[in-house]
>>> print(open('target.cif').read())   # mmCIF, C-alpha atoms
data_run
#
loop_
_atom_site.group_PDB
_atom_site.id
_atom_site.type_symbol
_atom_site.label_atom_id
_atom_site.label_comp_id
_atom_site.auth_asym_id
_atom_site.auth_seq_id
_atom_site.Cartn_x
_atom_site.Cartn_y
_atom_site.Cartn_z
ATOM 1 C CA MET A 286 71.247 123.924 63.306
ATOM 2 C CA ARG A 287 68.939 123.435 66.277
ATOM 3 C CA CYS A 288 67.791 120.106 64.876
ATOM 4 C CA THR A 289 71.377 118.958 64.411
ATOM 5 C CA ALA A 290 72.266 119.978 67.949
ATOM 6 C CA LEU A 291 69.265 118.114 69.304
ATOM 7 C CA LEU A 292 70.110 114.987 67.338
ATOM 8 C CA LEU A 293 73.725 115.188 68.470
ATOM 9 C CA MET A 294 72.615 115.456 72.089
ATOM 10 C CA CYS A 295 70.313 112.444 71.683
ATOM 11 C CA VAL A 296 73.109 110.387 70.191
ATOM 12 C CA CYS A 297 75.634 111.360 72.870
ATOM 13 C CA LEU A 298 73.338 110.751 75.825
ATOM 14 C CA ALA A 299 73.845 107.032 76.230
ATOM 15 C CA ALA A 300 71.720 106.909 79.363
ATOM 16 C CA CYS A 301 69.816 109.365 81.471
ATOM 17 C CA THR A 302 67.824 107.239 83.854
ATOM 18 C CA GLN A 303 65.762 107.868 86.957
ATOM 19 C CA TRP A 304 64.760 105.090 89.346
ATOM 20 C CA ARG A 305 62.045 105.613 91.936
ATOM 21 C CA TYR A 306 61.432 103.074 94.710
ATOM 22 C CA ASP A 307 58.663 103.197 97.287
ATOM 23 C CA LEU A 308 58.994 100.338 99.758
ATOM 24 C CA GLY A 309 56.027 99.966 102.064
ATOM 25 C CA GLU A 310 53.841 102.717 103.394
ATOM 26 C CA PRO A 311 54.686 105.721 105.598
ATOM 27 C CA LEU A 312 54.416 104.920 109.295
ATOM 28 C CA SER A 313 51.592 106.209 111.422
ATOM 29 C CA PRO A 314 52.149 109.746 112.780
ATOM 30 C CA ALA A 315 51.776 108.151 116.229
ATOM 31 C CA ALA A 316 54.985 106.122 115.767
ATOM 32 C CA PRO A 317 57.367 108.527 117.596
ATOM 33 C CA GLN A 318 54.927 108.807 120.492
ATOM 34 C CA ILE A 319 54.523 105.027 120.817
ATOM 35 C CA ALA A 320 58.305 104.604 120.847
ATOM 36 C CA ALA A 321 58.471 106.827 123.927
ATOM 37 C CA GLU A 322 55.789 104.958 125.847
ATOM 38 C CA THR A 323 56.109 101.879 128.011
ATOM 39 C CA ALA A 324 53.763 99.177 129.342
ATOM 40 C CA LEU A 325 51.408 99.440 126.368
ATOM 41 C CA PRO A 326 49.788 96.057 125.654
ATOM 42 C CA LEU A 327 50.811 94.332 122.418
ATOM 43 C CA GLY A 328 47.229 94.243 121.163
ATOM 44 C CA GLU A 329 46.920 98.012 121.363
ATOM 45 C CA VAL A 330 50.208 98.579 119.554
ATOM 46 C CA LEU A 331 49.194 96.196 116.760
ATOM 47 C CA ALA A 332 45.829 97.905 116.460
ATOM 48 C CA ARG A 333 47.511 101.302 116.036
ATOM 49 C CA LEU A 334 50.415 100.318 113.774
ATOM 50 C CA GLY A 335 49.293 97.114 112.074
ATOM 51 C CA PRO A 336 51.484 94.028 111.724
ATOM 52 C CA PRO A 337 55.237 94.682 111.826
ATOM 53 C CA LEU A 338 57.571 94.067 108.906
ATOM 54 C CA ARG A 339 60.362 92.538 110.969
ATOM 55 C CA ILE A 340 60.234 90.416 114.099
ATOM 56 C CA SER A 341 62.702 88.600 116.294
ATOM 57 C CA ALA A 342 62.739 86.653 119.524
ATOM 58 C CA LEU A 343 64.765 88.178 122.346
ATOM 59 C CA PRO A 344 65.659 86.789 125.777
ATOM 60 C CA GLY A 345 62.549 87.345 127.911
ATOM 61 C CA GLY A 346 60.475 88.791 125.063
ATOM 62 C CA PHE A 347 60.594 89.854 121.442
ATOM 63 C CA ALA A 348 61.187 92.812 119.144
ATOM 64 C CA LEU A 349 58.932 94.157 116.394
ATOM 65 C CA ALA A 350 59.971 96.635 113.701
ATOM 66 C CA TRP A 351 58.139 98.769 111.144
ATOM 67 C CA GLU A 352 59.841 100.553 108.258
ATOM 68 C CA TYR A 353 59.236 102.697 105.195
ATOM 69 C CA TRP A 354 61.712 103.577 102.453
ATOM 70 C CA GLU A 355 61.628 106.039 99.589
ATOM 71 C CA ILE A 356 64.668 105.847 97.338
ATOM 72 C CA ARG A 357 65.503 108.079 94.373
ATOM 73 C CA GLU A 358 68.324 107.254 91.997
ATOM 74 C CA ASN A 359 69.442 109.487 89.123
ATOM 75 C CA LEU A 360 71.938 108.371 86.516
ATOM 76 C CA LEU A 361 73.436 110.290 83.624
ATOM 77 C CA GLY A 362 75.764 108.843 81.030
ATOM 78 C CA PHE A 363 77.546 110.234 78.015
ATOM 79 C CA SER A 364 79.145 108.193 75.288
ATOM 80 C CA LEU A 365 80.543 109.166 71.916
ATOM 81 C CA GLY A 366 80.190 105.617 70.596
ATOM 82 C CA ALA A 367 77.636 106.565 67.946
ATOM 83 C CA MET A 368 80.078 109.118 66.531
ATOM 84 C CA GLY A 369 82.760 106.492 66.108
ATOM 85 C CA VAL A 370 84.654 107.431 69.251
ATOM 86 C CA ASP A 371 83.852 104.423 71.416
ATOM 87 C CA PHE A 372 86.828 104.515 73.750
ATOM 88 C CA LEU A 373 85.298 106.783 76.354
ATOM 89 C CA SER A 374 82.173 106.884 78.469
ATOM 90 C CA ILE A 375 81.354 109.416 81.147
ATOM 91 C CA ASP A 376 78.897 108.542 83.915
ATOM 92 C CA TRP A 377 77.448 110.413 86.848
ATOM 93 C CA GLY A 378 74.948 109.215 89.425
ATOM 94 C CA GLU A 379 73.439 109.959 92.792
ATOM 95 C CA ALA A 380 70.941 108.336 95.147
ATOM 96 C CA HIS A 381 68.806 109.866 97.874
ATOM 97 C CA ALA A 382 66.968 107.904 100.550
ATOM 98 C CA ARG A 383 64.234 108.843 102.995
ATOM 99 C CA SER A 384 63.286 106.296 105.616
ATOM 100 C CA GLN A 385 61.336 105.735 108.811
ATOM 101 C CA PHE A 386 62.159 102.944 111.222
ATOM 102 C CA LEU A 387 60.376 102.033 114.451
ATOM 103 C CA LEU A 388 61.719 99.351 116.756
ATOM 104 C CA LEU A 389 59.687 98.225 119.771
ATOM 105 C CA ASN A 390 60.680 95.740 122.467
ATOM 106 C CA PHE A 391 58.109 93.660 124.355
ATOM 107 C CA ASN A 392 58.493 91.435 127.387
ATOM 108 C CA ASP A 393 57.085 87.909 127.630
ATOM 109 C CA GLU A 394 53.885 89.362 129.113
ATOM 110 C CA HIS A 395 53.273 91.230 125.843
ATOM 111 C CA ARG A 396 53.944 94.633 127.372
ATOM 112 C CA LEU A 397 55.976 97.326 125.645
ATOM 113 C CA THR A 398 59.269 97.791 127.477
ATOM 114 C CA GLY A 399 60.904 100.338 125.206
ATOM 115 C CA GLY A 400 61.306 101.537 121.698
ATOM 116 C CA SER A 401 63.149 103.704 119.252
ATOM 117 C CA TYR A 402 62.000 105.740 116.266
ATOM 118 C CA GLN A 403 64.137 107.342 113.613
ATOM 119 C CA ALA A 404 63.349 109.259 110.440
ATOM 120 C CA ARG A 405 66.280 109.715 108.101
ATOM 121 C CA GLU A 406 66.786 111.596 104.880
ATOM 122 C CA GLY A 407 69.967 112.115 102.947
ATOM 123 C CA VAL A 408 72.364 111.121 100.228
ATOM 124 C CA ALA A 409 72.691 107.360 99.898
ATOM 125 C CA GLY A 410 75.546 107.429 97.450
ATOM 126 C CA GLY A 411 76.818 108.866 94.247
ATOM 127 C CA GLY A 412 79.798 109.421 92.079
ATOM 128 C CA GLY A 413 81.184 109.991 88.638
ATOM 129 C CA SER A 414 83.438 108.120 86.304
ATOM 130 C CA VAL A 415 85.349 108.406 83.078
ATOM 131 C CA GLN A 416 85.913 104.917 81.773
ATOM 132 C CA PRO A 417 87.429 103.608 78.546
ATOM 133 C CA PHE A 418 85.402 101.501 76.098
ATOM 134 C CA VAL A 419 82.602 100.372 78.435
ATOM 135 C CA SER A 420 81.244 101.376 81.847
ATOM 136 C CA ILE A 421 82.341 98.631 84.234
ATOM 137 C CA VAL A 422 82.299 100.330 87.611
ATOM 138 C CA PRO A 423 78.798 101.419 88.718
ATOM 139 C CA VAL A 424 78.793 104.910 90.197
ATOM 140 C CA VAL A 425 75.761 104.209 92.403
ATOM 141 C CA ASP A 426 74.850 100.936 94.100
ATOM 142 C CA ILE A 427 71.567 100.621 95.998
ATOM 143 C CA GLU A 428 70.982 96.870 95.590
ATOM 144 C CA ASP A 429 71.187 96.224 99.331
ATOM 145 C CA MET A 430 68.516 98.852 99.994
ATOM 146 C CA VAL A 431 65.871 97.452 97.656
ATOM 147 C CA GLU A 432 66.157 93.722 98.292
ATOM 148 C CA HIS A 433 63.204 91.584 99.389
ATOM 149 C CA LEU A 434 62.268 91.181 103.033
ATOM 150 C CA PRO A 435 64.069 88.281 104.761
ATOM 151 C CA GLN A 436 60.846 86.327 105.386
ATOM 152 C CA HIS A 437 60.935 85.102 101.781
ATOM 153 C CA ALA A 438 64.333 83.475 102.313
ATOM 154 C CA TRP A 439 63.335 81.646 105.486
ATOM 155 C CA GLY A 440 62.723 78.262 103.800
ATOM 156 C CA ARG A 441 65.870 78.156 101.680
ATOM 157 C CA GLY A 442 68.237 79.223 104.435
ATOM 158 C CA GLN A 443 70.080 75.931 104.566
ATOM 159 C CA LEU A 444 70.757 75.939 100.816
ATOM 160 C CA GLU A 445 72.977 79.009 100.927
ATOM 161 C CA PRO A 446 76.775 78.765 100.664
ATOM 162 C CA LEU A 447 78.375 77.220 103.754
ATOM 163 C CA PRO A 448 79.614 80.427 105.455
ATOM 164 C CA ILE A 449 76.050 81.817 105.281
ATOM 165 C CA SER A 450 74.357 78.551 106.339
ATOM 166 C CA LEU A 451 76.620 78.208 109.363
ATOM 167 C CA ASN A 452 75.635 81.706 110.464
ATOM 168 C CA ARG A 453 71.892 81.153 109.965
ATOM 169 C CA LYS A 454 71.064 80.578 113.600
ATOM 170 C CA GLN A 455 72.536 83.909 114.639
ATOM 171 C CA SER A 456 71.593 85.864 111.515
ATOM 172 C CA PRO A 457 69.289 88.864 112.054
ATOM 173 C CA ASP A 458 67.277 87.709 109.023
ATOM 174 C CA GLN A 459 65.941 84.592 110.714
ATOM 175 C CA GLY A 460 63.727 85.933 113.477
ATOM 176 C CA GLN A 461 65.791 84.426 116.282
ATOM 177 C CA GLY A 462 68.931 86.514 116.303
ATOM 178 C CA GLY A 463 67.714 90.107 116.385
ATOM 179 C CA VAL A 464 66.572 92.614 113.797
ATOM 180 C CA SER A 465 68.619 94.616 111.336
ATOM 181 C CA GLN A 466 67.679 97.593 109.199
ATOM 182 C CA ARG A 467 67.539 97.433 105.429
ATOM 183 C CA ASP A 468 70.770 99.279 104.630
ATOM 184 C CA THR A 469 72.955 97.708 107.311
ATOM 185 C CA PRO A 470 76.389 96.854 105.866
ATOM 186 C CA VAL A 471 77.150 93.123 105.972
ATOM 187 C CA GLY A 472 80.890 93.436 105.458
ATOM 188 C CA ILE A 473 81.371 94.165 109.129
ATOM 189 C CA GLY A 474 79.413 93.102 112.187
ATOM 190 C CA GLN A 475 77.276 90.036 112.775
ATOM 191 C CA GLN A 476 77.137 88.961 109.110
ATOM 192 C CA ALA A 477 80.812 89.593 108.348
ATOM 193 C CA LEU A 478 81.552 85.868 108.791
ATOM 194 C CA GLU A 479 79.253 85.106 105.857
ATOM 195 C CA LEU A 480 82.053 86.464 103.624
ATOM 196 C CA ARG A 481 79.638 88.346 101.372
ATOM 197 C CA MET B 201 55.432 129.438 37.894
ATOM 198 C CA ALA B 202 56.493 125.938 38.758
ATOM 199 C CA ARG B 203 59.737 127.231 40.226
ATOM 200 C CA VAL B 204 57.894 129.635 42.498
ATOM 201 C CA TYR B 205 55.674 126.787 43.668
ATOM 202 C CA HIS B 206 58.738 124.655 44.418
ATOM 203 C CA LEU B 207 60.273 127.368 46.541
ATOM 204 C CA LYS B 208 57.062 127.851 48.471
ATOM 205 C CA MET B 209 56.793 124.123 49.257
ATOM 206 C CA ARG B 210 60.343 124.039 50.541
ATOM 207 C CA ASP B 211 59.678 127.021 52.765
ATOM 208 C CA VAL B 212 56.569 125.341 54.143
ATOM 209 C CA MET B 213 58.276 121.976 54.680
ATOM 210 C CA LYS B 214 61.325 123.251 56.496
ATOM 211 C CA PRO B 215 59.727 124.001 59.862
ATOM 212 C CA SER B 216 57.693 120.793 59.612
ATOM 213 C CA ILE B 217 60.766 118.676 59.084
ATOM 214 C CA ARG B 218 62.478 120.337 61.998
ATOM 215 C CA ILE B 219 59.683 119.220 64.241
ATOM 216 C CA LEU B 220 58.924 115.897 62.600
ATOM 217 C CA LEU B 221 62.447 114.544 62.436
ATOM 218 C CA PRO B 222 63.132 114.578 66.203
ATOM 219 C CA ALA B 223 59.554 113.392 66.801
ATOM 220 C CA LEU B 224 60.109 110.484 64.408
ATOM 221 C CA LEU B 225 63.382 109.659 66.134
ATOM 222 C CA LEU B 226 61.622 109.709 69.491
ATOM 223 C CA ALA B 227 58.804 107.526 68.214
ATOM 224 C CA LEU B 228 61.222 104.948 66.817
ATOM 225 C CA THR B 229 63.302 104.718 69.971
ATOM 226 C CA ALA B 230 60.597 105.156 72.586
ATOM 227 C CA GLY B 231 59.303 102.302 74.676
ATOM 228 C CA CYS B 232 57.438 101.601 77.826
ATOM 229 C CA ALA B 233 57.174 98.680 80.181
ATOM 230 C CA GLN B 234 54.960 97.556 82.994
ATOM 231 C CA TYR B 235 55.588 94.648 85.304
ATOM 232 C CA GLU B 236 54.400 93.030 88.492
ATOM 233 C CA ASN B 237 56.435 91.012 90.942
ATOM 234 C CA ARG B 238 54.860 88.854 93.636
ATOM 235 C CA ARG B 239 56.530 87.086 96.530
ATOM 236 C CA GLY B 240 55.252 85.247 99.563
ATOM 237 C CA VAL B 241 51.972 83.823 100.777
ATOM 238 C CA GLU B 242 48.850 85.055 98.984
ATOM 239 C CA ALA B 243 46.792 87.331 101.241
ATOM 240 C CA THR B 244 43.842 85.010 101.889
ATOM 241 C CA TRP B 245 43.562 86.068 105.523
ATOM 242 C CA ALA B 246 41.578 89.228 104.848
ATOM 243 C CA TYR B 247 38.263 87.369 105.202
ATOM 244 C CA ALA B 248 39.339 84.485 107.463
ATOM 245 C CA ILE B 249 40.723 86.747 110.172
ATOM 246 C CA ALA B 250 37.268 88.053 111.118
ATOM 247 C CA ASP B 251 36.411 84.641 112.599
ATOM 248 C CA MET B 252 39.555 84.392 114.701
ATOM 249 C CA LYS B 253 39.149 85.304 118.346
ATOM 250 C CA PRO B 254 41.925 85.738 120.921
ATOM 251 C CA GLY B 255 41.507 83.211 123.745
ATOM 252 C CA GLU B 256 39.558 80.774 121.562
ATOM 253 C CA THR B 257 41.196 80.151 118.179
ATOM 254 C CA THR B 258 44.039 77.619 118.198
ATOM 255 C CA ARG B 259 47.228 77.518 116.185
ATOM 256 C CA SER B 260 46.107 74.450 114.229
ATOM 257 C CA GLU B 261 42.899 76.257 113.242
ATOM 258 C CA VAL B 262 44.878 79.215 111.920
ATOM 259 C CA LEU B 263 47.257 76.924 110.039
ATOM 260 C CA GLY B 264 44.284 75.005 108.661
ATOM 261 C CA LEU B 265 42.672 78.214 107.382
ATOM 262 C CA LEU B 266 45.720 80.035 106.070
ATOM 263 C CA GLY B 267 48.250 77.274 105.330
ATOM 264 C CA PRO B 268 51.974 77.405 106.098
ATOM 265 C CA PRO B 269 53.243 80.872 107.101
ATOM 266 C CA SER B 270 56.110 82.861 105.638
ATOM 267 C CA GLN B 271 57.910 82.645 108.964
ATOM 268 C CA LEU B 272 57.456 80.754 112.213
ATOM 269 C CA ILE B 273 59.222 82.215 115.214
ATOM 270 C CA ALA B 274 59.775 80.557 118.572
ATOM 271 C CA LEU B 275 59.455 82.870 121.593
ATOM 272 C CA GLU B 276 60.519 80.557 124.409
ATOM 273 C CA GLU B 277 57.104 79.132 125.351
ATOM 274 C CA GLU B 278 55.159 81.076 122.749
ATOM 275 C CA THR B 279 55.067 80.937 118.966
ATOM 276 C CA VAL B 280 54.415 83.485 116.247
ATOM 277 C CA LEU B 281 53.049 82.843 112.777
ATOM 278 C CA TYR B 282 53.907 85.554 110.268
ATOM 279 C CA TYR B 283 52.319 85.787 106.811
ATOM 280 C CA LEU B 284 53.796 88.137 104.220
ATOM 281 C CA PHE B 285 52.804 88.872 100.644
ATOM 282 C CA GLU B 286 55.063 91.304 98.803
ATOM 283 C CA ARG B 287 53.789 92.921 95.621
ATOM 284 C CA SER B 288 55.826 95.242 93.403
ATOM 285 C CA ASP B 289 54.337 97.197 90.539
ATOM 286 C CA GLY B 290 56.798 98.702 88.098
ATOM 287 C CA GLU B 291 56.325 101.192 85.291
ATOM 288 C CA ALA B 292 59.029 102.283 82.894
ATOM 289 C CA LEU B 293 59.268 104.978 80.265
ATOM 290 C CA ILE B 294 62.168 104.360 77.895
ATOM 291 C CA LEU B 295 63.180 107.129 75.512
ATOM 292 C CA VAL B 296 66.811 105.976 75.217
ATOM 293 C CA PHE B 297 68.241 109.363 76.128
ATOM 294 C CA TYR B 298 65.866 109.673 79.067
ATOM 295 C CA ASN B 299 64.472 106.715 81.014
ATOM 296 C CA ARG B 300 62.311 106.683 84.090
ATOM 297 C CA MET B 301 61.462 103.657 86.225
ATOM 298 C CA GLN B 302 58.979 103.733 89.087
ATOM 299 C CA ILE B 303 58.744 100.709 91.386
ATOM 300 C CA ASP B 304 56.085 100.674 94.056
ATOM 301 C CA THR B 305 56.269 97.871 96.617
ATOM 302 C CA ARG B 306 53.520 97.077 99.095
ATOM 303 C CA TYR B 307 53.467 94.506 101.893
ATOM 304 C CA ASP B 308 50.307 92.619 102.847
ATOM 305 C CA ARG B 309 50.909 90.950 106.198
ATOM 306 C CA ALA B 310 49.356 89.236 109.189
ATOM 307 C CA ILE B 311 50.809 88.218 112.517
ATOM 308 C CA PHE B 312 49.461 85.779 115.115
ATOM 309 C CA PHE B 313 50.785 85.201 118.631
ATOM 310 C CA PHE B 314 50.045 81.930 120.460
ATOM 311 C CA ASP B 315 50.642 81.062 124.111
ATOM 312 C CA GLU B 316 52.177 77.873 125.493
ATOM 313 C CA ASN B 317 48.806 76.109 125.014
ATOM 314 C CA ASP B 318 48.741 77.061 121.318
ATOM 315 C CA VAL B 319 45.813 79.432 121.857
ATOM 316 C CA LEU B 320 45.720 82.765 119.998
ATOM 317 C CA THR B 321 46.572 85.746 122.217
ATOM 318 C CA ASP B 322 47.153 88.643 119.777
ATOM 319 C CA LEU B 323 46.711 89.191 116.079
ATOM 320 C CA ALA B 324 46.829 91.906 113.442
ATOM 321 C CA SER B 325 46.563 92.075 109.678
ATOM 322 C CA HIS B 326 47.021 94.659 106.966
ATOM 323 C CA VAL B 327 46.252 94.533 103.262
ATOM 324 C CA ALA B 328 47.893 97.446 101.507
ATOM 325 C CA VAL B 329 46.030 99.545 98.992
ATOM 326 C CA PRO B 330 48.003 99.893 95.743
ATOM 327 C CA ALA B 331 49.502 103.353 95.315
ATOM 328 C CA SER B 332 47.800 103.697 91.945
ATOM 329 C CA ALA B 333 44.334 103.171 93.501
#
>>> encode(input="target.cif", output="structure tokens")
Amino acid sequence: MRCTALLLMCVCLAACTQWRYDLGEPLSPAAPQIAAETALPLGEVLARLGPPLRISALPGGFALAWEYWEIRENLLGFSLGAMGVDFLSIDWGEAHARSQFLLLNFNDEHRLTGGSYQAREGVAGGGGSVQPFVSIVPVVDIEDMVEHLPQHAWGRGQLEPLPISLNRKQSPDQGQGGVSQRDTPVGIGQQALELR
Amino acid sequence: MARVYHLKMRDVMKPSIRILLPALLLALTAGCAQYENRRGVEATWAYAIADMKPGETTRSEVLGLLGPPSQLIALEEETVLYYLFERSDGEALILVFYNRMQIDTRYDRAIFFFDENDVLTDLASHVAVPASA
């Protein structure tokens, strides 16, 4: 009886999946303190934090940013397809994210003029669904949080669809139009005109 | 006598089958995967950077040693060369009814600032140690 129950459970569990993402390395414990300081020379900041992950020119200076992300995604799916009842699938999922982000502004004399540090932790999404035949709607979507850094797309910027290419000069991915965090929505704000 | 023997075998086999059957099912459906994903400019600067000195090294020397950067940024009269190498190591355990994927991404990077005369003013580099190390 136990064996049958175990087999039945195995057959019904169409998917029970855990995804674990570690993006980068945790920031230095000195990060919050550096964000509160001013007039530090660039060389000293780089020596303490290492090279930044994001950079952008600003009027009269530039901005550097460091980040770390830890994302956990859990998915659970039930389907009775193996028992001949393939008109129903039940899915549940959730995602948690923990991140650190440090943004520092420097003037054109390479002196720190200000900064901001934030550590976040919380639910990044989740949901459940009962769908007929096949699961079409994903209950959790973290694609925008795990994509590659924008430096890799620098060379192919002009080959994107026209709405994106036209916005390249002002895009926060290009190092000339500011910096944006990893999970910033693109449907509204500076990149809304890219129609993504 | 033979009948008694038969009964004894069945009694012995029963618990074994209970354990073996799910184990066999697991073995048949189990899988694992390992992958590596690399993006960007290979981290060759780890050794070259020791010879670079602020106030002396020029932009053309850095470009000659390291090649084209991942990103070149104009800061009014200054320029920045940014080198990035992104490496993702993934491991997956696939048991059909339970799957676990672990993706660990590390960023090797170097940044160089040059003044209006194309002379190096600031630099920093970092080569990440893999999480598995």
>>> residues_around(input="target.cif", residues="Glu261 in chain B", least_positions_apart="5", cutoff="12 Å", atoms="all atoms listed in the file", output="VMD selection string")
chain B and resid 248 to 249 251 to 253 256 266 to 268 312 314 318 to 320
>>> interface_residues(input="target.cif", of="chain B", to="chain A", cutoff="8 Å", atoms="all atoms listed in the file", output="PyMOL selection string")
chain B and resi 218+222+239-240+270-271+273-276+284+296-307+309-311+322-326
>>> write_last_selection(input="target.cif", atoms="C-alpha atoms", output="PDB file, in the coordinates of the input")
ATOM      1  CA  ARG B 218      62.478 120.337  61.998  1.00  0.00           C
ATOM      2  CA  PRO B 222      63.132 114.578  66.203  1.00  0.00           C
ATOM      3  CA  ARG B 239      56.530  87.086  96.530  1.00  0.00           C
ATOM      4  CA  GLY B 240      55.252  85.247  99.563  1.00  0.00           C
ATOM      5  CA  SER B 270      56.110  82.861 105.638  1.00  0.00           C
ATOM      6  CA  GLN B 271      57.910  82.645 108.964  1.00  0.00           C
ATOM      7  CA  ILE B 273      59.222  82.215 115.214  1.00  0.00           C
ATOM      8  CA  ALA B 274      59.775  80.557 118.572  1.00  0.00           C
ATOM      9  CA  LEU B 275      59.455  82.870 121.593  1.00  0.00           C
ATOM     10  CA  GLU B 276      60.519  80.557 124.409  1.00  0.00           C
ATOM     11  CA  LEU B 284      53.796  88.137 104.220  1.00  0.00           C
ATOM     12  CA  VAL B 296      66.811 105.976  75.217  1.00  0.00           C
ATOM     13  CA  PHE B 297      68.241 109.363  76.128  1.00  0.00           C
ATOM     14  CA  TYR B 298      65.866 109.673  79.067  1.00  0.00           C
ATOM     15  CA  ASN B 299      64.472 106.715  81.014  1.00  0.00           C
ATOM     16  CA  ARG B 300      62.311 106.683  84.090  1.00  0.00           C
ATOM     17  CA  MET B 301      61.462 103.657  86.225  1.00  0.00           C
ATOM     18  CA  GLN B 302      58.979 103.733  89.087  1.00  0.00           C
ATOM     19  CA  ILE B 303      58.744 100.709  91.386  1.00  0.00           C
ATOM     20  CA  ASP B 304      56.085 100.674  94.056  1.00  0.00           C
ATOM     21  CA  THR B 305      56.269  97.871  96.617  1.00  0.00           C
ATOM     22  CA  ARG B 306      53.520  97.077  99.095  1.00  0.00           C
ATOM     23  CA  TYR B 307      53.467  94.506 101.893  1.00  0.00           C
ATOM     24  CA  ARG B 309      50.909  90.950 106.198  1.00  0.00           C
ATOM     25  CA  ALA B 310      49.356  89.236 109.189  1.00  0.00           C
ATOM     26  CA  ILE B 311      50.809  88.218 112.517  1.00  0.00           C
ATOM     27  CA  ASP B 322      47.153  88.643 119.777  1.00  0.00           C
ATOM     28  CA  LEU B 323      46.711  89.191 116.079  1.00  0.00           C
ATOM     29  CA  ALA B 324      46.829  91.906 113.442  1.00  0.00           C
ATOM     30  CA  SER B 325      46.563  92.075 109.678  1.00  0.00           C
ATOM     31  CA  HIS B 326      47.021  94.659 106.966  1.00  0.00           C
TER      32      HIS B 326
END
>>> atom_distance(input="target.cif", atom1="CA of Ala350 in chain A", atom2="CA of Tyr283 in chain B")
15.0 Å
>>> residues_around(input="target.cif", residues="Thr469 in chain A", least_positions_apart="3", cutoff="12 Å", atoms="all atoms listed in the file", output="ChimeraX atom specification")
/A:427-432,457-458,464-466,472-477
>>> atom_distance(input="target.cif", atom1="CA of Glu379 in chain A", atom2="CA of Ala292 in chain B")
19.1 Å
>>> resolve_selection(input="target.cif", expression="the PyMOL selection byres ((chain B and resi 289) around 7)", output="count of residues only")
10
>>> closest_residue(input="target.cif", among="B:Val262, B:Glu286, B:Cys232, B:Pro269", to="Asp308 in chain B", atoms="only C-alpha atoms")
B:Glu286
>>> closest_residue(input="target.cif", among="A:Ser364, A:Arg396, A:Leu312, A:Asp426", to="Ala380 in chain A", atoms="all atoms listed in the file")
A:Asp426
>>> residues_around(input="target.cif", residues="Pro423 in chain A", least_positions_apart="6", cutoff="9 Å", atoms="all atoms listed in the file", output="list in words")
Asp376, Gly378, Gly412, Gly413 and Ser414 of chain A
>>> closest_residue(input="target.cif", among="B:Val280, B:Ser216, B:Leu221, B:Gly264", to="Trp245 in chain B", atoms="all atoms listed in the file")
B:Gly264
>>> atom_distance(input="target.cif", atom1="CA of Leu295 in chain B", atom2="CA of Ala409 in chain A")
26.2 Å
>>> axis_aligned_box(input="target.cif", around="range 408-413 of chain A", padding_each_side="3 Å", output="AutoDock Vina command-line options")
--center_x 76.8 --center_y 109.2 --center_z 94.4 --size_x 14.8 --size_y 9.8 --size_z 17.6
>>> closest_residue(input="target.cif", among="A:Leu478, A:Arg453, A:Asp468, A:Tyr402", to="Ala315 in chain A", atoms="only C-alpha atoms")
A:Tyr402
>>> closest_residue(input="target.cif", among="A:Leu389, A:Ile375, A:Val424, A:Ala290", to="Ile319 in chain A", atoms="only C-alpha atoms")
A:Leu389
